[in-house]
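Working notes, structure below.
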Amino acid sequence: MGVRRVVTGHDETGKAVFASDEIVEPVTLEMLPGAEWFTLWGGDEAPTFPDDGTMPAHTTYFPPLGGFRFGIFTVQPDTEDSMLPENFDIEAAFSEAEQKLPGMVDHLEMENLGMHTTDTVDYEFVISGEVVLELDDGAEVTLRPGDTVVQNGTRHAWRNRTDTPAILVVVLVGAKRK
């Protein structure tokens, strides 16, 4: 599934224009079949208006302090089918993840797969499906379409205990811990 991204900007006279209109294809990973990430917009510095519709430079999946990201991601059902095969090459999978979603693997906890912590304020909106947000002490909340979450640098994991993928919109803003 591609996602259409329309970007506005300004022409040389300051008039509002449609600067770009394109389909953004998802990033997929072999180790998470069916899961998709769409980086719709992002930058590593405080935003400015890119009047020509060019996405600001950014280098990692999660933004640094002052940076931001806008995207969509899916959480696949936790089923027997989602278990990795016996001969799965984990090193190759992590290498692929680092190439396609730079820096993401650095935040994942290998002893508790899915659990991660980032220095970001995250704004999530559930588009479809049902997803469970689990915090580090095991506390959980179930989210459904129309529900939102504001996460403030918390340790968490996304779980899907249904048989249907959950799709979420996310805005990540690099933040400083107190």
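Ordered as shown in the structure tokens, chains take letters A, B, and onward, while each chain numbers its residues from 1 and ligands are numbered from 1 in the order shown.
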
Give me the residues near A:Val141 as number ranges by chain, where near means some atom within 12 Å (using only C-alpha atoms) and where sequence neighbours in that chain fewer than 2 positions away do not count.
A: 130-135, 138-139, 143-144, 147-149, 156-160

Find the spatial neighbours of stretch 163-166 of chain A, counting only C-alpha atoms, within a cut-off of 12 Å - ignore same-chain residues fewer than 3 positions away - and output them as a VMD selection string.
chain A and resid 33 to 36 72 to 82 125 to 133 142 to 146 158 to 160 169

I need the alpha helix (DSSP H) residues of stretch 47-145 of chain A per DSSP on the backbone, written as an mmCIF file with C-alpha atoms, in the first residue's frame.
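part-v6.cif, freshly written:
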data_model
loop_
_atom_site.group_PDB
_atom_site.id
_atom_site.type_symbol
_atom_site.label_atom_id
_atom_site.label_comp_id
_atom_site.auth_asym_id
_atom_site.auth_seq_id
_atom_site.Cartn_x
_atom_site.Cartn_y
_atom_site.Cartn_z
ATOM 1 C CA ILE A 90 18.972 -12.657 12.564
ATOM 2 C CA GLU A 91 22.204 -10.855 11.639
ATOM 3 C CA ALA A 92 20.991 -10.345 8.060
ATOM 4 C CA ALA A 93 17.623 -9.161 9.376
ATOM 5 C CA PHE A 94 19.243 -6.601 11.685
ATOM 6 C CA SER A 95 21.495 -5.454 8.865
ATOM 7 C CA GLU A 96 18.433 -4.937 6.653
ATOM 8 C CA ALA A 97 16.650 -3.039 9.440
ATOM 9 C CA GLU A 98 19.676 -0.777 9.964
ATOM 10 C CA GLN A 99 19.855 -0.039 6.244
ATOM 11 C CA LYS A 100 16.138 0.692 5.796
ATOM 12 C CA MET A 104 15.832 1.684 15.048
ATOM 13 C CA VAL A 105 17.564 -1.543 16.095
ATOM 14 C CA ASP A 106 19.706 0.411 18.584
ATOM 15 C CA HIS A 107 16.551 1.141 20.591
#

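The two atoms in question, atom CA of A:Glu25 and atom CA of A:Leu101, are spaced 13.5 Å apart.
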
Here is a test: counting only C-alpha atoms, which residue of A:Ser20, A:Thr154, A:Thr59, A:Thr54 is nearest to A:Gly103?
A:Thr59

When you draw a straight line from atom CA of A:Asn152 to atom CA of A:Lys178, how long is it in Å?
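Computing the Euclidean distance for atom CA of A:Asn152 and atom CA of A:Lys178 yields 11.2 Å.
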
Within 8 Å of A:Trp41, counting only C-alpha atoms, which residues qualify if same-chain residues fewer than 6 places away don't, as a list in words?
Met55, Pro56, Arg69, Phe70 and Gly71 of chain A

Restricting it to C-alpha atoms, dump the selection as a compact mmCIF listing (two decimals), in the first residue's frame.
# COMPACT_ATOMS: atom_id res chain seq x y z
CA MET A 55 11.75 16.77 2.60
CA PRO A 56 14.29 18.16 5.09
CA ARG A 69 9.22 12.67 12.00
CA PHE A 70 5.75 12.09 10.56
CA GLY A 71 4.74 8.63 9.43

Between atom CA of A:Arg5 and atom CA of A:Phe18 lies a distance of 10.8 Å
